[in-house]
Every structure is written in structure tokens, then in C-alpha cells.
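Enquirer: So that you have it, the file is target-v6.pdb, and it contains PDB, C-alpha atoms and all ligand atoms:
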```pdb
ATOM      1  CA  MET U   1      30.243   1.822  85.710
ATOM      2  CA  THR U   2      30.223   4.904  87.853
ATOM      3  CA  SER U   3      30.960   8.375  86.663
ATOM      4  CA  GLN U   4      32.350  11.084  88.847
ATOM      5  CA  ALA U   5      32.697  14.627  87.613
ATOM      6  CA  VAL U   6      36.144  16.110  88.024
ATOM      7  CA  PRO U   7      37.229  19.710  87.489
ATOM      8  CA  ALA U   8      38.133  20.398  83.876
ATOM      9  CA  PRO U   9      41.242  22.532  83.416
ATOM     10  CA  GLY U  10      41.875  25.264  80.874
ATOM     11  CA  PRO U  11      39.259  25.239  78.173
ATOM     12  CA  THR U  12      36.303  24.592  80.475
ATOM     13  CA  THR U  13      37.141  27.570  82.643
ATOM     14  CA  ALA U  14      37.774  29.701  79.594
ATOM     15  CA  GLY U  15      34.478  28.548  78.145
ATOM     16  CA  ALA U  16      32.602  30.012  81.077
ATOM     17  CA  LEU U  17      34.142  33.395  80.466
ATOM     18  CA  ASP U  18      33.512  33.836  76.768
ATOM     19  CA  ASP U  19      31.554  32.215  73.981
ATOM     20  CA  THR U  20      33.930  29.332  73.316
ATOM     21  CA  PRO U  21      32.379  25.902  73.845
ATOM     22  CA  SER U  22      32.859  24.187  77.173
ATOM     23  CA  TRP U  23      32.696  20.614  78.359
ATOM     24  CA  THR U  24      32.868  18.535  81.489
ATOM     25  CA  LEU U  25      35.258  15.773  82.420
ATOM     26  CA  ALA U  26      34.388  12.539  84.200
ATOM     27  CA  GLU U  27      36.413   9.492  85.200
ATOM     28  CA  PRO U  28      34.336   6.470  84.177
ATOM     29  CA  GLY U  29      36.884   3.795  85.148
ATOM     30  CA  PRO U  30      40.188   3.185  86.895
ATOM     31  CA  PHE U  31      41.910   5.337  84.277
ATOM     32  CA  GLY U  32      40.917   7.539  81.381
ATOM     33  CA  VAL U  33      38.542  10.486  81.102
ATOM     34  CA  LEU U  34      35.211  11.110  79.413
ATOM     35  CA  LEU U  35      34.460  14.537  77.933
ATOM     36  CA  THR U  36      30.909  15.682  77.302
ATOM     37  CA  PRO U  37      30.041  19.080  75.839
ATOM     38  CA  ALA U  38      27.879  21.588  77.692
ATOM     39  CA  GLU U  39      26.208  22.182  74.338
ATOM     40  CA  PRO U  40      25.297  18.829  72.716
ATOM     41  CA  GLY U  41      26.559  18.608  69.162
ATOM     42  CA  THR U  42      29.584  20.828  69.693
ATOM     43  CA  PRO U  43      32.052  19.863  66.942
ATOM     44  CA  VAL U  44      34.897  17.711  68.204
ATOM     45  CA  THR U  45      37.170  20.093  66.301
ATOM     46  CA  ALA U  46      36.293  22.779  68.868
ATOM     47  CA  VAL U  47      38.324  21.016  71.544
ATOM     48  CA  PRO U  48      41.929  22.285  71.377
ATOM     49  CA  VAL U  49      44.170  19.456  70.210
ATOM     50  CA  PRO U  50      47.239  20.437  72.312
ATOM     51  CA  TRP U  51      45.052  20.272  75.425
ATOM     52  CA  LEU U  52      43.517  16.935  74.334
ATOM     53  CA  ARG U  53      46.954  15.517  73.538
ATOM     54  CA  ASP U  54      48.192  16.463  76.981
ATOM     55  CA  LEU U  55      45.071  14.872  78.501
ATOM     56  CA  ALA U  56      45.674  11.668  76.495
ATOM     57  CA  ARG U  57      49.303  11.500  77.635
ATOM     58  CA  ARG U  58      48.365  12.003  81.300
ATOM     59  CA  HIS U  59      45.245   9.786  81.431
ATOM     60  CA  HIS U  60      46.124   7.428  78.518
ATOM     61  CA  LEU U  61      42.504   7.226  77.348
ATOM     62  CA  VAL U  62      40.178  10.070  76.356
ATOM     63  CA  ALA U  63      36.605   9.517  75.215
ATOM     64  CA  LEU U  64      34.484  12.309  73.745
ATOM     65  CA  ARG U  65      30.737  11.690  73.785
ATOM     66  CA  GLY U  66      27.946  13.966  72.616
ATOM     67  CA  PHE U  67      30.116  15.930  70.195
ATOM     68  CA  THR U  68      29.597  16.141  66.444
ATOM     69  CA  ALA U  69      32.108  13.690  65.020
ATOM     70  CA  PRO U  70      33.893  13.944  61.650
ATOM     71  CA  ALA U  71      31.248  13.194  59.016
ATOM     72  CA  ASP U  72      33.116  10.539  57.063
ATOM     73  CA  ALA U  73      36.483   8.841  56.632
ATOM     74  CA  ALA U  74      37.970  11.835  54.789
ATOM     75  CA  ALA U  75      36.889  14.168  57.594
ATOM     76  CA  LEU U  76      38.368  11.820  60.208
ATOM     77  CA  ASP U  77      41.634  11.773  58.263
ATOM     78  CA  ALA U  78      41.628  15.580  58.150
ATOM     79  CA  TYR U  79      40.871  15.833  61.876
ATOM     80  CA  ALA U  80      43.580  13.322  62.795
ATOM     81  CA  ARG U  81      46.141  15.283  60.773
ATOM     82  CA  THR U  82      45.688  18.123  63.255
ATOM     83  CA  TRP U  83      47.239  15.719  65.806
ATOM     84  CA  GLY U  84      50.376  14.893  63.832
ATOM     85  CA  GLU U  85      51.755  12.669  61.104
ATOM     86  CA  LEU U  86      49.467   9.757  60.268
ATOM     87  CA  MET U  87      50.495   6.192  59.663
ATOM     88  CA  GLU U  88      50.006   5.098  56.067
ATOM     89  CA  TRP U  89      48.801   1.558  55.460
ATOM     90  CA  PRO U  90      48.236  -0.279  52.209
ATOM     91  CA  PHE U  91      44.553   0.615  52.693
ATOM     92  CA  GLY U  92      45.312   4.289  53.465
ATOM     93  CA  THR U  93      45.120   6.042  56.827
ATOM     94  CA  VAL U  94      41.590   5.097  57.908
ATOM     95  CA  PHE U  95      40.947   1.500  58.924
ATOM     96  CA  ASP U  96      37.395   0.186  58.956
ATOM     97  CA  VAL U  97      37.116  -1.932  62.096
ATOM     98  CA  ARG U  98      34.220  -4.243  61.342
ATOM     99  CA  ALA U  99      33.517  -7.921  60.884
ATOM    100  CA  HIS U 100      33.872  -9.518  57.480
ATOM    101  CA  GLN U 101      31.522 -12.183  56.179
ATOM    102  CA  ASP U 102      34.357 -14.701  55.779
ATOM    103  CA  PRO U 103      37.169 -13.290  57.933
ATOM    104  CA  GLU U 104      40.696 -14.148  56.836
ATOM    105  CA  ASP U 105      42.049 -12.970  60.179
ATOM    106  CA  HIS U 106      40.651 -12.652  63.722
ATOM    107  CA  VAL U 107      40.876  -8.851  63.325
ATOM    108  CA  PHE U 108      37.824  -9.157  61.066
ATOM    109  CA  ASP U 109      35.978 -11.631  63.295
ATOM    110  CA  THR U 110      33.722 -11.046  66.314
ATOM    111  CA  GLY U 111      35.107 -13.456  68.917
ATOM    112  CA  PHE U 112      38.153 -13.606  71.144
ATOM    113  CA  MET U 113      41.069 -11.361  70.230
ATOM    114  CA  PRO U 114      44.387 -11.335  72.113
ATOM    115  CA  LEU U 115      45.462  -8.214  73.990
ATOM    116  CA  HIS U 116      48.047  -6.388  71.880
ATOM    117  CA  TRP U 117      49.487  -3.050  70.930
ATOM    118  CA  ASP U 118      49.048  -1.593  67.460
ATOM    119  CA  GLY U 119      51.912  -1.391  64.997
ATOM    120  CA  MET U 120      53.966  -4.159  66.585
ATOM    121  CA  TYR U 121      54.370  -5.992  63.263
ATOM    122  CA  VAL U 122      55.260  -2.998  61.111
ATOM    123  CA  GLU U 123      58.056  -0.449  61.020
ATOM    124  CA  HIS U 124      56.615   2.102  63.430
ATOM    125  CA  VAL U 125      54.408   1.962  66.507
ATOM    126  CA  PRO U 126      51.858   4.798  66.532
ATOM    127  CA  GLU U 127      51.585   6.920  69.676
ATOM    128  CA  PHE U 128      47.824   7.388  69.445
ATOM    129  CA  GLN U 129      44.828   5.615  68.010
ATOM    130  CA  ILE U 130      41.898   7.856  67.179
ATOM    131  CA  PHE U 131      38.611   5.961  66.844
ATOM    132  CA  HIS U 132      35.247   7.138  65.611
ATOM    133  CA  CYS U 133      32.292   4.867  66.316
ATOM    134  CA  VAL U 134      30.037   4.817  63.274
ATOM    135  CA  GLU U 135      27.736   2.072  64.559
ATOM    136  CA  ALA U 136      27.619   0.174  67.844
ATOM    137  CA  PRO U 137      25.743  -2.801  69.239
ATOM    138  CA  GLY U 138      23.532  -2.283  72.292
ATOM    139  CA  ALA U 139      25.234  -1.589  75.607
ATOM    140  CA  ALA U 140      24.640  -5.130  76.901
ATOM    141  CA  GLU U 141      25.648  -6.902  73.672
ATOM    142  CA  GLY U 142      29.447  -6.756  73.919
ATOM    143  CA  GLY U 143      31.666  -5.285  71.232
ATOM    144  CA  GLY U 144      33.382  -2.808  73.539
ATOM    145  CA  THR U 145      37.102  -2.190  73.439
ATOM    146  CA  LEU U 146      38.994  -3.294  76.542
ATOM    147  CA  PHE U 147      42.019  -1.189  77.393
ATOM    148  CA  CYS U 148      44.717  -2.264  79.873
ATOM    149  CA  ASP U 149      46.839   0.429  81.519
ATOM    150  CA  THR U 150      50.222  -1.264  81.746
ATOM    151  CA  THR U 151      51.601   1.370  84.148
ATOM    152  CA  ARG U 152      49.029   0.083  86.653
ATOM    153  CA  VAL U 153      49.992  -3.526  86.002
ATOM    154  CA  LEU U 154      53.613  -2.720  86.788
ATOM    155  CA  ALA U 155      52.785  -0.471  89.761
ATOM    156  CA  ASP U 156      50.851  -3.334  91.399
ATOM    157  CA  ALA U 157      53.426  -6.070  90.679
ATOM    158  CA  ASP U 158      55.432  -7.217  93.694
ATOM    159  CA  PRO U 159      59.193  -6.530  93.625
ATOM    160  CA  ALA U 160      60.175 -10.149  92.892
ATOM    161  CA  THR U 161      57.761 -10.361  89.963
ATOM    162  CA  LEU U 162      58.927  -7.014  88.647
ATOM    163  CA  GLU U 163      62.547  -8.092  88.798
ATOM    164  CA  ARG U 164      61.759 -11.335  86.985
ATOM    165  CA  TRP U 165      59.659  -9.581  84.333
ATOM    166  CA  SER U 166      62.325  -6.927  83.776
ATOM    167  CA  GLY U 167      64.623  -9.587  82.343
ATOM    168  CA  LEU U 168      62.092 -11.137  79.963
ATOM    169  CA  THR U 169      62.211 -10.951  76.181
ATOM    170  CA  LEU U 170      59.197 -12.229  74.265
ATOM    171  CA  ARG U 171      59.012 -13.546  70.751
ATOM    172  CA  TYR U 172      55.863 -13.164  68.668
ATOM    173  CA  ARG U 173      55.148 -14.615  65.287
ATOM    174  CA  ASN U 174      52.102 -14.120  63.078
ATOM    175  CA  THR U 175      51.546 -15.155  59.502
ATOM    176  CA  LYS U 176      50.731 -12.217  57.275
ATOM    177  CA  VAL U 177      47.318 -12.904  55.795
ATOM    178  CA  SER U 178      45.899  -9.389  55.851
ATOM    179  CA  HIS U 179      47.900  -6.256  56.677
ATOM    180  CA  TYR U 180      50.309  -7.402  59.384
ATOM    181  CA  GLY U 181      52.621 -10.269  60.210
ATOM    182  CA  GLY U 182      56.203 -11.329  60.837
ATOM    183  CA  LEU U 183      58.503 -11.888  63.809
ATOM    184  CA  VAL U 184      58.701  -9.473  66.749
ATOM    185  CA  VAL U 185      61.300  -9.803  69.531
ATOM    186  CA  SER U 186      60.489  -7.375  72.325
ATOM    187  CA  PRO U 187      61.303  -6.839  75.998
ATOM    188  CA  LEU U 188      58.260  -7.290  78.216
ATOM    189  CA  ILE U 189      59.024  -4.011  79.977
ATOM    190  CA  GLU U 190      60.569  -0.964  78.399
ATOM    191  CA  PRO U 191      60.592   2.777  79.088
ATOM    192  CA  HIS U 192      57.890   4.923  77.548
ATOM    193  CA  PRO U 193      59.708   6.525  74.587
ATOM    194  CA  ASP U 194      59.019  10.111  75.681
ATOM    195  CA  ALA U 195      58.060  10.080  79.366
ATOM    196  CA  GLY U 196      60.460   7.335  80.466
ATOM    197  CA  PHE U 197      58.118   5.551  82.892
ATOM    198  CA  PRO U 198      58.006   1.762  82.499
ATOM    199  CA  VAL U 199      55.364   0.289  80.215
ATOM    200  CA  MET U 200      54.584  -3.309  79.305
ATOM    201  CA  ARG U 201      54.431  -4.640  75.750
ATOM    202  CA  PHE U 202      52.523  -7.902  75.505
ATOM    203  CA  LEU U 203      50.668  -9.849  72.848
ATOM    204  CA  GLU U 204      48.608 -12.363  74.728
ATOM    205  CA  PRO U 205      48.790 -16.010  73.665
ATOM    206  CA  VAL U 206      45.444 -17.567  72.812
ATOM    207  CA  PRO U 207      44.221 -19.406  75.938
ATOM    208  CA  ASP U 208      43.475 -23.115  75.858
ATOM    209  CA  GLY U 209      39.991 -23.762  74.554
ATOM    210  CA  GLU U 210      39.896 -20.611  72.395
ATOM    211  CA  HIS U 211      40.423 -20.831  68.657
ATOM    212  CA  ILE U 212      40.953 -17.853  66.404
ATOM    213  CA  ILE U 213      41.835 -17.357  62.754
ATOM    214  CA  ASN U 214      45.558 -16.728  62.267
ATOM    215  CA  GLU U 215      46.597 -17.423  65.842
ATOM    216  CA  PRO U 216      49.840 -15.768  67.025
ATOM    217  CA  ASP U 217      52.731 -17.834  68.308
ATOM    218  CA  VAL U 218      53.994 -16.393  71.614
ATOM    219  CA  GLY U 219      57.086 -17.482  73.530
ATOM    220  CA  ILE U 220      59.516 -16.261  76.174
ATOM    221  CA  ASP U 221      63.217 -16.488  75.407
ATOM    222  CA  GLY U 222      64.957 -18.942  77.745
ATOM    223  CA  LEU U 223      61.773 -20.515  79.079
ATOM    224  CA  GLU U 224      59.818 -23.471  77.809
ATOM    225  CA  GLY U 225      57.110 -25.907  78.777
ATOM    226  CA  ALA U 226      55.308 -25.420  82.072
ATOM    227  CA  ALA U 227      57.591 -22.605  83.242
ATOM    228  CA  GLU U 228      56.903 -20.570  80.111
ATOM    229  CA  ALA U 229      53.166 -21.258  80.275
ATOM    230  CA  ALA U 230      53.028 -20.232  83.951
ATOM    231  CA  GLU U 231      54.841 -16.957  83.282
ATOM    232  CA  LEU U 232      52.605 -16.111  80.316
ATOM    233  CA  ALA U 233      49.540 -16.857  82.461
ATOM    234  CA  ALA U 234      50.858 -14.632  85.273
ATOM    235  CA  ILE U 235      51.376 -11.721  82.856
ATOM    236  CA  ARG U 236      47.964 -12.261  81.334
ATOM    237  CA  ASP U 237      46.194 -12.446  84.721
ATOM    238  CA  ALA U 238      47.867  -9.211  85.847
ATOM    239  CA  ALA U 239      46.888  -7.479  82.601
ATOM    240  CA  TYR U 240      43.215  -8.454  82.973
ATOM    241  CA  ASP U 241      43.008  -7.532  86.671
ATOM    242  CA  PRO U 242      39.952  -5.209  86.929
ATOM    243  CA  ARG U 243      42.144  -2.589  88.636
ATOM    244  CA  HIS U 244      44.125  -2.281  85.406
ATOM    245  CA  CYS U 245      41.377  -2.454  82.762
ATOM    246  CA  HIS U 246      38.582  -0.351  81.402
ATOM    247  CA  VAL U 247      36.042  -1.401  78.784
ATOM    248  CA  HIS U 248      34.838   1.384  76.561
ATOM    249  CA  ALA U 249      31.269   0.429  75.571
ATOM    250  CA  TRP U 250      30.789   2.189  72.254
ATOM    251  CA  GLN U 251      27.985   4.571  71.448
ATOM    252  CA  GLN U 252      27.422   6.020  68.019
ATOM    253  CA  ASP U 253      29.677   9.019  67.295
ATOM    254  CA  ASP U 254      31.987   8.413  70.248
ATOM    255  CA  ILE U 255      35.500   9.612  69.571
ATOM    256  CA  VAL U 256      38.204   7.825  71.565
ATOM    257  CA  ILE U 257      41.883   8.651  71.743
ATOM    258  CA  ALA U 258      44.105   5.915  73.182
ATOM    259  CA  ASP U 259      47.774   6.103  74.199
ATOM    260  CA  ASN U 260      49.138   3.120  72.274
ATOM    261  CA  TYR U 261      52.600   3.518  73.862
ATOM    262  CA  THR U 262      51.168   2.764  77.309
ATOM    263  CA  LEU U 263      47.977   0.765  76.858
ATOM    264  CA  LEU U 264      47.199  -2.654  75.453
ATOM    265  CA  HIS U 265      43.773  -3.296  73.973
ATOM    266  CA  THR U 266      41.426  -5.921  72.639
ATOM    267  CA  ARG U 267      37.855  -6.385  71.483
ATOM    268  CA  VAL U 268      35.102  -7.673  73.759
ATOM    269  CA  PRO U 269      33.440 -10.504  71.787
ATOM    270  CA  TYR U 270      29.987  -9.883  70.384
ATOM    271  CA  ARG U 271      27.470 -11.822  68.345
ATOM    272  CA  ARG U 272      28.071 -11.991  64.603
ATOM    273  CA  GLY U 273      25.498  -9.949  62.724
ATOM    274  CA  LEU U 274      25.199  -7.153  65.276
ATOM    275  CA  PRO U 275      26.119  -3.700  64.002
ATOM    276  CA  ARG U 276      29.637  -2.594  64.948
ATOM    277  CA  HIS U 277      31.690  -0.267  62.820
ATOM    278  CA  LEU U 278      34.598   1.800  64.055
ATOM    279  CA  ARG U 279      36.949   3.932  62.007
ATOM    280  CA  ARG U 280      40.494   4.099  63.292
ATOM    281  CA  VAL U 281      43.467   6.292  62.475
ATOM    282  CA  HIS U 282      47.013   5.999  63.824
ATOM    283  CA  VAL U 283      48.969   9.107  64.803
ATOM    284  CA  LEU U 284      52.744   8.693  64.848
ATOM    285  CA  GLY U 285      54.921  10.045  67.628
ATOM    286  CA  ASP U 286      57.487  12.755  66.952
ATOM    287  CA  PRO U 287      59.877  11.288  66.014
ATOM    288  CA  PRO U 288      58.084   8.088  64.963
ATOM    289  CA  LEU U 289      58.848   5.148  67.251
ATOM    290  CA  ARG U 290      60.535   2.188  65.599
ATOM    291  CA  SER U 291      58.974  -1.164  66.398
ATOM    292  CA  HIS U 292      60.698  -4.418  67.403
ATOM    293  CA  ILE U 293      59.899  -6.127  64.126
ATOM    294  CA  HIS U 294      62.695  -8.444  62.986
ATOM    295  CA  ASP U 295      61.300 -10.158  59.967
ATOM    296  CA  GLN U 296      58.543  -8.182  58.402
ATOM    297  CA  GLN U 297      56.505 -10.179  55.958
ATOM    298  CA  ALA U 298      54.901  -6.912  54.977
ATOM    299  CA  ALA U 299      57.329  -5.151  52.681
ATOM    300  CA  ASP U 300      54.396  -3.322  51.175
ATOM    301  CA  THR U 301      53.583  -1.375  54.333
ATOM    302  CA  ARG U 302      54.995   2.078  54.823
ATOM    303  CA  ARG U 303      55.042   2.935  58.510
ATOM    304  CA  GLY U 304      52.163   1.126  58.479
ATOM    305  CA  ASN U 305      49.210  -2.579  61.388
ATOM    306  CA  ALA U 306      47.605  -4.655  63.809
TER     307      ALA U 306
HETATM  308 FE    FE D 401      44.551  -3.227  67.662
END
```
Could you render the structure as C-alpha cells?

Expert:
Amino acid sequence: MTSQAVPAPGPTTAGALDDTPSWTLAEPGPFGVLLTPAEPGTPVTAVPVPWLRDLARRHHLVALRGFTAPADAAALDAYARTWGELMEWPFGTVFDVRAHQDPEDHVFDTGFMPLHWDGMYVEHVPEFQIFHCVEAPGAAEGGGTLFCDTTRVLADADPATLERWSGLTLRYRNTKVSHYGGLVVSPLIEPHPDAGFPVMRFLEPVPDGEHIINEPDVGIDGLEGAAEAAELAAIRDAAYDPRHCHVHAWQQDDIVIADNYTLLHTRVPYRRGLPRHLRRVHVLGDPPLRSHIHDQQAADTRRGNA
């Protein structure tokens, strides 16, 4: 992974002129930016949220490394509230992303996880995910989060493929065993709710040979058999093209903001027993974006996951 410094607008320039903290921006992958403070340990709260929000909307992925992160879940909740309204789940606003001893769902496992977007199975889809890495495995041990920039997938699709994909509606079904589940019927391509550019919504079917707990059922309306399988494989292959993906390899106290309207994401498998603990909060758009849930088996969730 190479890192190339790019000029940082606004706050960095201002930081050179007075005593406000400053930071540098790098582009570690095909999309997204990495912020590091000039003064290690600068509180993440020192970075102006309107500027960060604009950065997240333009680059879709913002990682902050070397800052002092919110000390605990309550502090992360308080920080995230400076971004906007938070999604409330049955467990609250802060989700502990970590493996369970006997996982009831693949979300709490360490192996393969399908690419997806958060909130697809509940009433609202959050605009941003804010993650804080509490503990991470070693850099070479997996456990990163892979993000797919769907604007790049669509920009690189040939016109015939794009025309075909534009007419597709997908149907997703998951049994609710933890905090999400139901039936979702969603176009493959739809406009970004605020910016209007086309984005792709896709929950990847589990490939042959992989087995996960609580596997989703994925289908394309009007297609079946080999034709459906071939189209799902074509979408999947385009999503995982290295030109469209970036793996964030976690380091302790990383803060990552992801544009959930535009990106898809999944976990890179890692060995059970290794330390990996992320805290995650969902920030709703303004107004909150309604999902494509049709039959929510989660009547107990208020605006609230996957
Ligand atoms: Fe997720």
C-alpha cells in the first residue's frame, strides 16, 4: 500500500497560521483519505466536523490515525452526535464489532462475510458509519475492513452492462437471529439520495464452497438458474476488482468514517482468537433515508442494522 501526501485544504493551512492543530492528508488506496496529525495525540474532536463531513462525502472514506480517539463507548456516542442524528438499535447507538464465542450470526464470526451496506434490513439506511478501533490483530493477520466504491464499479462498467444492470431489481432475504433480518427488494443501481450520482446497492450471495451462519438468500427478479448465477457473479467480480476496493487494515485507535450511501463493505477473514474489537456508530442522513425493507422481522428496531 503506497501513501502519497496531498495538499490538505482549509484547516491545515489555517493550522500553520495560528495555534490550531494541523494534519496532513494522504491517499492510501484508489479512493479515500488518511489524516494524520502534525502533533501526535491531537484529539479527534479538534478536526472540524463540517470539513470532515465534506471530505467523507467527496472521498467516501476518511481514516484518522494518530489522533486521540474517544475514550469509551459513551465518548464515541457523544462525538458521533456532533455529526448528526444517530441510529438507535435495540442495543443502543454503539455496536461492538467483535467475534462471539458461539456466534449466532456471521456478523459475530471471523470468516467470510458478504459485501453489504448497513441498514438494509431496517427502516433507515445510515449515511455514515463511524468506527473506532479498540483492538486490532497484526497487520498481516487479516481482520481489515474491505470497502468497495460503487461509483468506480459503475464508472468502469461497459455501456451494455450498465444498461442491463440499470434494469435489475434484487431480492434479499435473511432470517432475523440477532438484530437484523427480513425481505429487501432493491434496485441494483439507484441515485445517491443527496448528490444524485449513481450508486450500487448489493448484498453478495455466499459463493459456492463458503458456508456462513445465517446465510442470506439473494436473487434477481426475472432471472433464474444459470442466467441469474452468471449475473450475480459478474456484479460480484466487478465489486471486488482491485480498482474499486480498498482494505483498511486496522490499527488501535484508528477512527474511520465511511459513506454508507456509496460504499459497500465487508470483513477480511481472520483467525479466531486474535484480538479485534471495533466500536461502530451510525449517523443518519438529513432527512433519514428510508430503506427498501418490505417485510421487517425486526419490529423492535427503531431506525435501527446489519
Ligand atoms: Fe456492515

Enquirer: Enumerate, in order of chain and increasing residue number, the residues of stretch 120-212 of chain U with an atom no farther than 10 Å from stretch 228-251 of chain U, each with its shortest atom pair and distance in Å to one decimal, counting all atoms listed in the file, as a Markdown table.

Expert:
```
| residue | atom | partner | partner_atom | distance |
| --- | --- | --- | --- | --- |
| U:His132 | CA | U:Trp250 | CA | 9.4 |
| U:Cys133 | CA | U:Trp250 | CA | 6.7 |
| U:Val134 | CA | U:Gln251 | CA | 8.4 |
| U:Glu135 | CA | U:Gln251 | CA | 7.3 |
| U:Ala136 | CA | U:Gln251 | CA | 5.7 |
| U:Pro137 | CA | U:Trp250 | CA | 7.7 |
| U:Gly138 | CA | U:Gln251 | CA | 8.2 |
| U:Ala139 | CA | U:Ala249 | CA | 6.4 |
| U:Ala140 | CA | U:Ala249 | CA | 8.8 |
| U:Glu141 | CA | U:Ala249 | CA | 9.4 |
| U:Gly142 | CA | U:Ala249 | CA | 7.6 |
| U:Gly143 | CA | U:Ala249 | CA | 7.2 |
| U:Gly144 | CA | U:Ala249 | CA | 4.4 |
| U:Thr145 | CA | U:His248 | CA | 5.3 |
| U:Leu146 | CA | U:Val247 | CA | 4.2 |
| U:Phe147 | CA | U:His246 | CA | 5.3 |
| U:Cys148 | CA | U:Cys245 | CA | 4.4 |
| U:Asp149 | CA | U:His244 | CA | 5.5 |
| U:Thr150 | CA | U:Ala239 | CA | 7.1 |
| U:Thr151 | CA | U:His244 | CA | 8.4 |
| U:Arg152 | CA | U:His244 | CA | 5.6 |
| U:Val153 | CA | U:His244 | CA | 6.0 |
| U:Leu154 | CA | U:Ala238 | CA | 8.7 |
| U:Ala155 | CA | U:His244 | CA | 9.9 |
| U:Asp156 | CA | U:Ala238 | CA | 8.6 |
| U:Ala157 | CA | U:Ala238 | CA | 8.0 |
| U:Thr161 | CA | U:Ala234 | CA | 9.4 |
| U:Arg164 | CA | U:Glu231 | CA | 9.7 |
| U:Trp165 | CA | U:Ile235 | CA | 8.7 |
| U:Leu168 | CA | U:Glu231 | CA | 9.9 |
| U:Leu170 | CA | U:Leu232 | CA | 9.8 |
| U:Leu188 | CA | U:Ile235 | CA | 9.4 |
| U:Met200 | CA | U:Ala239 | CA | 9.4 |
| U:Phe202 | CA | U:Ile235 | CA | 8.4 |
| U:Leu203 | CA | U:Arg236 | CA | 9.2 |
| U:Glu204 | CA | U:Arg236 | CA | 6.6 |
| U:Pro205 | CA | U:Leu232 | CA | 7.7 |
| U:Pro207 | CA | U:Ala233 | CA | 8.8 |
```

Enquirer: The PyMOL selection byres (((chain U and resi 46) around 10) and not hetatm) - which residues does that actually catch in the file I just gave you? List them as a ChimeraX atom specification.

Expert: /U:20-22,42-45,47-49,67-68

Enquirer: Ligand FE 401 (chain D): which residues are within 10 Å, counting only C-alpha atoms and all ligand atoms, as a list in words?

Expert: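 Going residue by residue within 10 Å of ligand FE 401 (chain D), we get Val97, Val107, Met113, Pro114, Leu115, His116, Trp117, Asp118, Gly119, Met120, Gln129, Thr145, Asn260, Leu264, His265, Thr266, Arg267, Arg280, Asn305 and Ala306 of chain U.
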
Enquirer: Give the centre and edge lengths of an axis-aligned box, in Å to one decimal, that holds all listed atoms of stretch 271-274 of chain U with 4 Å on each side, as AutoDock Vina command-line options.

Expert:
```
--center_x 26.6 --center_y -9.6 --center_z 65.5 --size_x 10.9 --size_y 12.8 --size_z 13.6
```

Enquirer: With distances taken over all atoms listed in the file, which of U:Leu86, U:Ala56, U:Leu263, U:Val256 is nearest to U:Ala69?

Expert: U:Val256

Enquirer: Which residue is closest to U:Ile255? Choose from U:Phe91, U:Tyr79, U:Tyr121, U:Phe108 and count only C-alpha atoms.

Expert: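 Nearest candidate to U:Ile255 out of U:Phe91, U:Tyr79, U:Tyr121, U:Phe108: U:Tyr79.
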
Enquirer: What gap, in Å, lies between atom CA of U:Val185 and atom CA of U:Ser166?

Expert: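 Answer for the atom CA of U:Val185 to atom CA of U:Ser166 separation: 14.6 Å.
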
Enquirer: Between atom CA of U:Phe31 and atom CA of U:Ala73, what is the spacing in Å?

Expert: 28.4 Å

Enquirer: I would like the residues chosen by the PyMOL selection byres (((chain U and resi 100) around 12) and not hetatm) on the shown file; could you give them as a PyMOL selection string?

Expert: chain U and resi 96-99+101-110+272-277

Enquirer: What gap, in Å, lies between atom CA of U:Val199 and atom CA of U:Leu223?

Expert: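 Atom-to-atom, atom CA of U:Val199 and atom CA of U:Leu223 are spaced 21.8 Å apart.
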
Enquirer: Using all atoms listed in the file, give me every residue within 12 Å of (46.8, 18.4, 62.3) in file coordinates, as a list in words.

Expert: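 Residues with an atom close enough to that point: Thr45, Pro48, Val49, Pro50, Arg53, Ala75, Leu76, Asp77, Ala78, Tyr79, Ala80, Arg81, Thr82, Trp83, Gly84, Glu85, Leu86, Val283 and Leu284 of chain U.
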
Enquirer: Just checking: using all atoms listed in the file, which residue out of U:Ser186, U:Asn174, U:Thr36, U:Thr24 ends up closest to U:Arg290?

Expert: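 Among the listed residues, U:Ser186 lies closest to U:Arg290.
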
Enquirer: Taking into account only C-alpha atoms, which residue in the set U:Gly219, U:Pro90, U:Pro30, U:Gly41 is nearest to U:Tyr180?

Expert: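 Of the candidates, the smallest distance to U:Tyr180 is held by U:Pro90.
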
Enquirer: Rank U:Leu183, U:Leu35, U:Ala74, U:Leu162 by their smallest atom-to-atom distance to U:Val122, using all atoms listed in the file, and report the top residue only.

Expert: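 For U:Val122, the nearest of the candidates is U:Leu183.
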